[in-house]
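Engineer: Input: one structure, supplied below.
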Amino acid sequence: MPNIAVIGAGVNGVASAIKILEHYVNDGKTPIKVTIISEDFTPNTTGDGSAGLWGPYLLGGTSQAKVYKWSKSMHQFLEKIWLSEDAGEAGVCLLPCIRLSTSTVDTVEDFWRDIVYGAVDLSKEQLAAYNKGRSVKFTSGLSFVTYTSEPIKLLPYLMKRFTRNGGVVVRKRITDLDAFVADSEYDVIVNCSGLGSKTLLNDDQMYAVRGQVSRVRANWIFSAVLDESDDGNYIIPNVVLGGTHQERDYNTKVCQNDRRMIVDGCQRYIPGLEHTECLFDWVGLRPGRTQLRLEAERRGRKLLIHNYGHGGSGVTLCWGCADDVLNILLAAKNGSKL
Ligand SMILES: Cc1cc2nc3c(=O)[nH]c(=O)nc-3n(C[C@H](O)[C@H](O)[C@H](O)COP(=O)(O)OP(=O)(O)OC[C@H]3O[C@@H](n4cnc5c(N)ncnc54)[C@H](O)[C@@H]3O)c2cc1C
Ligand SMILES: O=C([O-])C1=[NH+]CCC1
């Protein structure tokens with residue numbers, strides 16, 4: 001019986017664990033054991049503080065073709081949940097979004113425009129409305145409809161789905177990955193430790209991308225506005241005002257200067273925010289990497305699959321990356337290398 005361990009209980013660890021478990025459970029031919037081993041669980045993972053907006057963001061040099069494939073899989077997964085009775089429990093909501101760019105090179109990331117619903121470029125007049133009073137002008141904007149899936153609800157929903165199918169959960173910090181792979185009883189280990197991989201693997205391509213956001217009470221906002229330029233802000237129901245992305249900054253404390261940049265900055269897009277009550281501020285460290293790492297390595301008779309470095313897109317990519325984790329595992333098994 002394949003005995004699989006997934007390290008990490010963030011969106012990527014949980015998605016990978018469910019994908020593997022549900023494949024075997026639905027197949028019904030081979031009993032399997034899947035265990036999520038993690039130091040921390042929801043609500044204390046990086047995703048829990050995020051708004052969970054679908055949208056490729058801060059992915060370093062990860063190939064567009066892979067981002068397209070992975071993010072499309074997640075969009076289809078969210079569509080399925082949205083059209084099911086689970087949408088409320090899973091925190092999935094369809095919402096209109098405007099994404100703005102000051103780039104003089106290309107328009108808003110349009111390699112994924114056919115994944116979302118009704119993507120339309122903003123007209124010059126529409127852009128002008130958002131450019132009022134701005135020194136650095138937006139050069140393009142995309143209006144479309146997509147999903148948010150708030151990890152603070154999505155993760156408990158997915159964890160319940162995992163344990164209901166017989167998944168096992170162990171709270172433990174892995175300090176020596178080599179020893180764990182060599183000495184544990186698992187045939188396959190899937191490493192979804194996020195920024196933890198920096199120390200676990202001595203991966204110097206990994207670095208924190210510090211993200212501070214403010215949550216406000218604004219139940220009149222039902223759409224997202226995201227300025228993807230370097231010092232851009234964003235407003236995402238419900239409602240997250242963002243947000244910083246400071247590379248190699250490991251400070252997890254709330255910084256008041258950042259808070260001012262966030263709150264004042266967001267009011268430039270939606271002045272009505274001036275009258276909202278701030279609920280709390282939050283800081284998370286995105287698992288930045290020169291490019292997302294999703295690949296396997298053999299360790300003797302065992303398989304170690306890496307799935308980490310999702311930057312600002314872990315929620316957007318998790319279901320698609322989990323597809324590839326499963327495909328790698330099945331290929332290794334069919335090659336009877338397990
Ligand atoms: C402010 C902010 C806003 C964001 N907004 C969005 C958004 O709207 N949309 C989007 O797609 N993404 C967003 N993100 C990015 C997203 O949150 C991350 O990409 C995603 O959470 C990464 O998930 P992960 O599972 O890879 O890692 P993590 O969530 O960091 O989980 C890693 C897991 O591994 C465990 N772990 C680590 N080391 C060890 C160890 N040695 N032993 C055992 N367990 C270990 C941890 O306890 C944790 O459970 C945002 C991030 C921030 C900070
Ligand atoms: O990482 C982040 O802050 C975000 N990712 C997608 C929208 C905002």
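Residue numbers start at 1 in each chain; chains themselves are named A, B, ... in the order of the structure tokens; ligands are numbered from 1 in the order shown.
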Within 7 Å of stretch 276-282 of chain A, counting only C-alpha atoms, which residues show up once you throw out same-chain ones fewer than 6 positions away? Write them as a tab-separated table (two decimals) with all heavy atoms, in the first residue's frame, please.
Structural biologist:
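Result file is out.tsv:
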chain	number	residue	atom	x	y	z
A	49	GLY	N	-4.22	34.73	5.94
A	49	GLY	CA	-4.45	36.17	6.04
A	49	GLY	C	-4.77	36.80	4.69
A	49	GLY	O	-5.11	37.97	4.59
A	212	GLN	N	2.02	43.09	3.84
A	212	GLN	CA	1.18	43.64	4.91
A	212	GLN	C	-0.13	44.11	4.28
A	212	GLN	O	-0.14	44.71	3.21
A	212	GLN	CB	1.87	44.83	5.61
A	212	GLN	CG	1.00	45.43	6.73
A	212	GLN	CD	1.75	46.45	7.58
A	212	GLN	OE1	2.96	46.28	7.87
A	212	GLN	NE2	1.06	47.50	7.99
A	213	VAL	N	-1.22	43.80	4.95
A	213	VAL	CA	-2.55	44.23	4.48
A	213	VAL	C	-3.36	44.75	5.66
A	213	VAL	O	-3.04	44.48	6.82
A	213	VAL	CB	-3.32	43.06	3.80
A	213	VAL	CG1	-2.68	42.65	2.49
A	213	VAL	CG2	-3.44	41.86	4.75
A	214	SER	N	-4.42	45.50	5.35
A	214	SER	CA	-5.36	45.95	6.38
A	214	SER	C	-6.73	45.43	6.03
A	214	SER	O	-7.14	45.49	4.86
A	214	SER	CB	-5.41	47.49	6.42
A	214	SER	OG	-4.14	47.99	6.79
A	215	ARG	N	-7.43	44.92	7.03
A	215	ARG	CA	-8.80	44.46	6.79
A	215	ARG	C	-9.75	45.54	7.29
A	215	ARG	O	-9.60	46.03	8.40
A	215	ARG	CB	-9.07	43.14	7.52
A	215	ARG	CG	-8.50	41.97	6.77
A	215	ARG	CD	-9.42	40.80	6.76
A	215	ARG	NE	-8.75	39.70	6.05
A	215	ARG	CZ	-9.36	38.94	5.16
A	215	ARG	NH1	-10.63	39.14	4.90
A	215	ARG	NH2	-8.74	37.97	4.52
A	216	VAL	N	-10.71	45.93	6.44
A	216	VAL	CA	-11.66	46.98	6.85
A	216	VAL	C	-13.08	46.47	6.71
A	216	VAL	O	-13.34	45.53	5.96
A	216	VAL	CB	-11.47	48.26	6.00
A	216	VAL	CG1	-10.09	48.85	6.20
A	216	VAL	CG2	-11.75	48.00	4.52
A	217	ARG	N	-13.99	47.14	7.42
A	217	ARG	CA	-15.42	46.79	7.29
A	217	ARG	C	-16.01	47.66	6.18
A	217	ARG	O	-16.10	48.85	6.33
A	217	ARG	CB	-16.14	47.06	8.63
A	217	ARG	CG	-17.56	46.51	8.67
A	217	ARG	CD	-18.31	46.94	9.93
A	217	ARG	NE	-17.58	46.70	11.17
A	217	ARG	CZ	-17.46	45.51	11.75
A	217	ARG	NH1	-18.03	44.46	11.17
A	217	ARG	NH2	-16.79	45.34	12.87
A	218	ALA	N	-16.31	47.07	5.05
A	218	ALA	CA	-16.86	47.83	3.91
A	218	ALA	C	-17.76	46.89	3.14
A	218	ALA	O	-17.43	46.47	2.03
A	218	ALA	CB	-15.74	48.39	3.04
A	254	VAL	N	3.54	44.44	12.23
A	254	VAL	CA	2.82	45.47	11.46
A	254	VAL	C	3.61	46.77	11.52
A	254	VAL	O	4.08	47.16	12.59
A	254	VAL	CB	1.40	45.68	12.03
A	254	VAL	CG1	0.74	46.90	11.41
A	254	VAL	CG2	0.55	44.42	11.77
Engineer: Using only C-alpha atoms and all ligand atoms, which protein or nucleic acid residues are at most 6 Å from ligand 2, as a PDB file with all heavy atoms, in the first residue's frame?
Structural biologist:
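Output contents, as saved in part_13.pdb:
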ATOM      1  N   LEU A  53      -7.690  36.052  -3.754  1.00  0.00           N
ATOM      2  CA  LEU A  53      -8.153  36.437  -5.095  1.00  0.00           C
ATOM      3  C   LEU A  53      -7.438  35.590  -6.140  1.00  0.00           C
ATOM      4  O   LEU A  53      -6.218  35.402  -6.055  1.00  0.00           O
ATOM      5  CB  LEU A  53      -7.855  37.932  -5.349  1.00  0.00           C
ATOM      6  CG  LEU A  53      -8.212  38.461  -6.738  1.00  0.00           C
ATOM      7  CD1 LEU A  53      -9.725  38.494  -6.953  1.00  0.00           C
ATOM      8  CD2 LEU A  53      -7.622  39.865  -6.965  1.00  0.00           C
ATOM      9  N   GLY A  55      -5.517  35.134  -9.327  1.00  0.00           N
ATOM     10  CA  GLY A  55      -4.781  36.060 -10.203  1.00  0.00           C
ATOM     11  C   GLY A  55      -3.287  35.831 -10.050  1.00  0.00           C
ATOM     12  O   GLY A  55      -2.760  35.967  -8.957  1.00  0.00           O
ATOM     13  N   TYR A  57       0.466  36.440  -9.630  1.00  0.00           N
ATOM     14  CA  TYR A  57       1.027  37.659  -8.976  1.00  0.00           C
ATOM     15  C   TYR A  57       2.339  37.271  -8.309  1.00  0.00           C
ATOM     16  O   TYR A  57       2.398  36.258  -7.599  1.00  0.00           O
ATOM     17  CB  TYR A  57       0.022  38.130  -7.929  1.00  0.00           C
ATOM     18  CG  TYR A  57       0.251  39.476  -7.300  1.00  0.00           C
ATOM     19  CD1 TYR A  57       0.087  40.658  -8.012  1.00  0.00           C
ATOM     20  CD2 TYR A  57       0.609  39.572  -5.959  1.00  0.00           C
ATOM     21  CE1 TYR A  57       0.257  41.891  -7.416  1.00  0.00           C
ATOM     22  CE2 TYR A  57       0.794  40.809  -5.350  1.00  0.00           C
ATOM     23  CZ  TYR A  57       0.608  41.969  -6.078  1.00  0.00           C
ATOM     24  OH  TYR A  57       0.784  43.182  -5.464  1.00  0.00           O
ATOM     25  N   GLY A 312       3.135  35.175  -4.686  1.00  0.00           N
ATOM     26  CA  GLY A 312       1.844  35.802  -4.370  1.00  0.00           C
ATOM     27  C   GLY A 312       0.689  35.079  -5.033  1.00  0.00           C
ATOM     28  O   GLY A 312      -0.369  35.679  -5.240  1.00  0.00           O
ATOM     29  N   SER A 313       0.888  33.808  -5.391  1.00  0.00           N
ATOM     30  CA  SER A 313      -0.143  33.108  -6.184  1.00  0.00           C
ATOM     31  C   SER A 313      -0.471  31.719  -5.683  1.00  0.00           C
ATOM     32  O   SER A 313      -1.031  30.913  -6.431  1.00  0.00           O
ATOM     33  CB  SER A 313       0.353  32.995  -7.642  1.00  0.00           C
ATOM     34  OG  SER A 313       0.699  34.244  -8.151  1.00  0.00           O
TER      35      SER A 313
END
Engineer: Using 12 Å as the limit and counting only C-alpha atoms, can you tabulate each residue of stretch 28-143 of chain A that touches stretch 265-270 of chain A, with its shortest atom-to-atom distance in Å and the two atoms involved, as CSV?
Structural biologist:
residue,atom,partner,partner_atom,distance
A:Ile98,CA,A:Tyr269,CA,10.9
A:Arg99,CA,A:Tyr269,CA,11.6
A:Leu100,CA,A:Tyr269,CA,10.8
A:Leu127,CA,A:Tyr269,CA,11.8
A:Ala129,CA,A:Tyr269,CA,9.7
A:Tyr130,CA,A:Tyr269,CA,6.9
A:Asn131,CA,A:Tyr269,CA,9.4
A:Lys132,CA,A:Arg268,CA,9.3
A:Gly133,CA,A:Arg268,CA,8.8
A:Arg134,CA,A:Arg268,CA,8.9
Engineer: Export, as a PDB file, in the first residue's frame, the selected residues with C-alpha atoms.
Structural biologist:
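Here's the written file part_37.pdb:
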ATOM      1  CA  ILE A  98     -10.385  45.603 -12.553  1.00  0.00           C
ATOM      2  CA  ARG A  99      -6.641  45.107 -12.905  1.00  0.00           C
ATOM      3  CA  LEU A 100      -4.525  48.177 -13.791  1.00  0.00           C
ATOM      4  CA  LEU A 127      -8.523  54.500 -17.875  1.00  0.00           C
ATOM      5  CA  ALA A 129     -11.103  58.018 -14.760  1.00  0.00           C
ATOM      6  CA  TYR A 130      -8.537  55.973 -12.791  1.00  0.00           C
ATOM      7  CA  ASN A 131      -5.669  58.241 -13.893  1.00  0.00           C
ATOM      8  CA  LYS A 132      -7.186  61.388 -12.445  1.00  0.00           C
ATOM      9  CA  GLY A 133      -4.625  63.082 -10.181  1.00  0.00           C
ATOM     10  CA  ARG A 134      -1.985  60.391 -10.795  1.00  0.00           C
TER      11      ARG A 134
END
Engineer: Quick one: DSSP alpha helix (DSSP H) residues in stretch 109-330 of chain A, as a PyMOL selection string?
Structural biologist: chain A and resi 124-131+151-164+177-183+197-200+256-269+314-330
Engineer: Excluding A:Leu177 and residues on its chain fewer than 5 positions from it, collect all residues at most 9 Å away from it, counting only C-alpha atoms, and give them as a count of residues only.
Structural biologist: 3
Engineer: Hey, which residues sit close to ligand 1? Say within 6 Å, counting only C-alpha atoms and all ligand atoms, and write them as a PyMOL selection string.
Structural biologist: chain A and resi 7-13+38-41+45-47+50-54+172-175+192-196+200+211-213+284-286+308+310-316
Engineer: I'd like the neighbourhood of A:Asp230 as a ChimeraX atom specification, where a residue qualifies if any of its atoms comes within 10 Å (using only C-alpha atoms), though same-chain residues fewer than 2 positions away should be ignored.
Structural biologist: /A:101-103,227-228,232-233,244-245
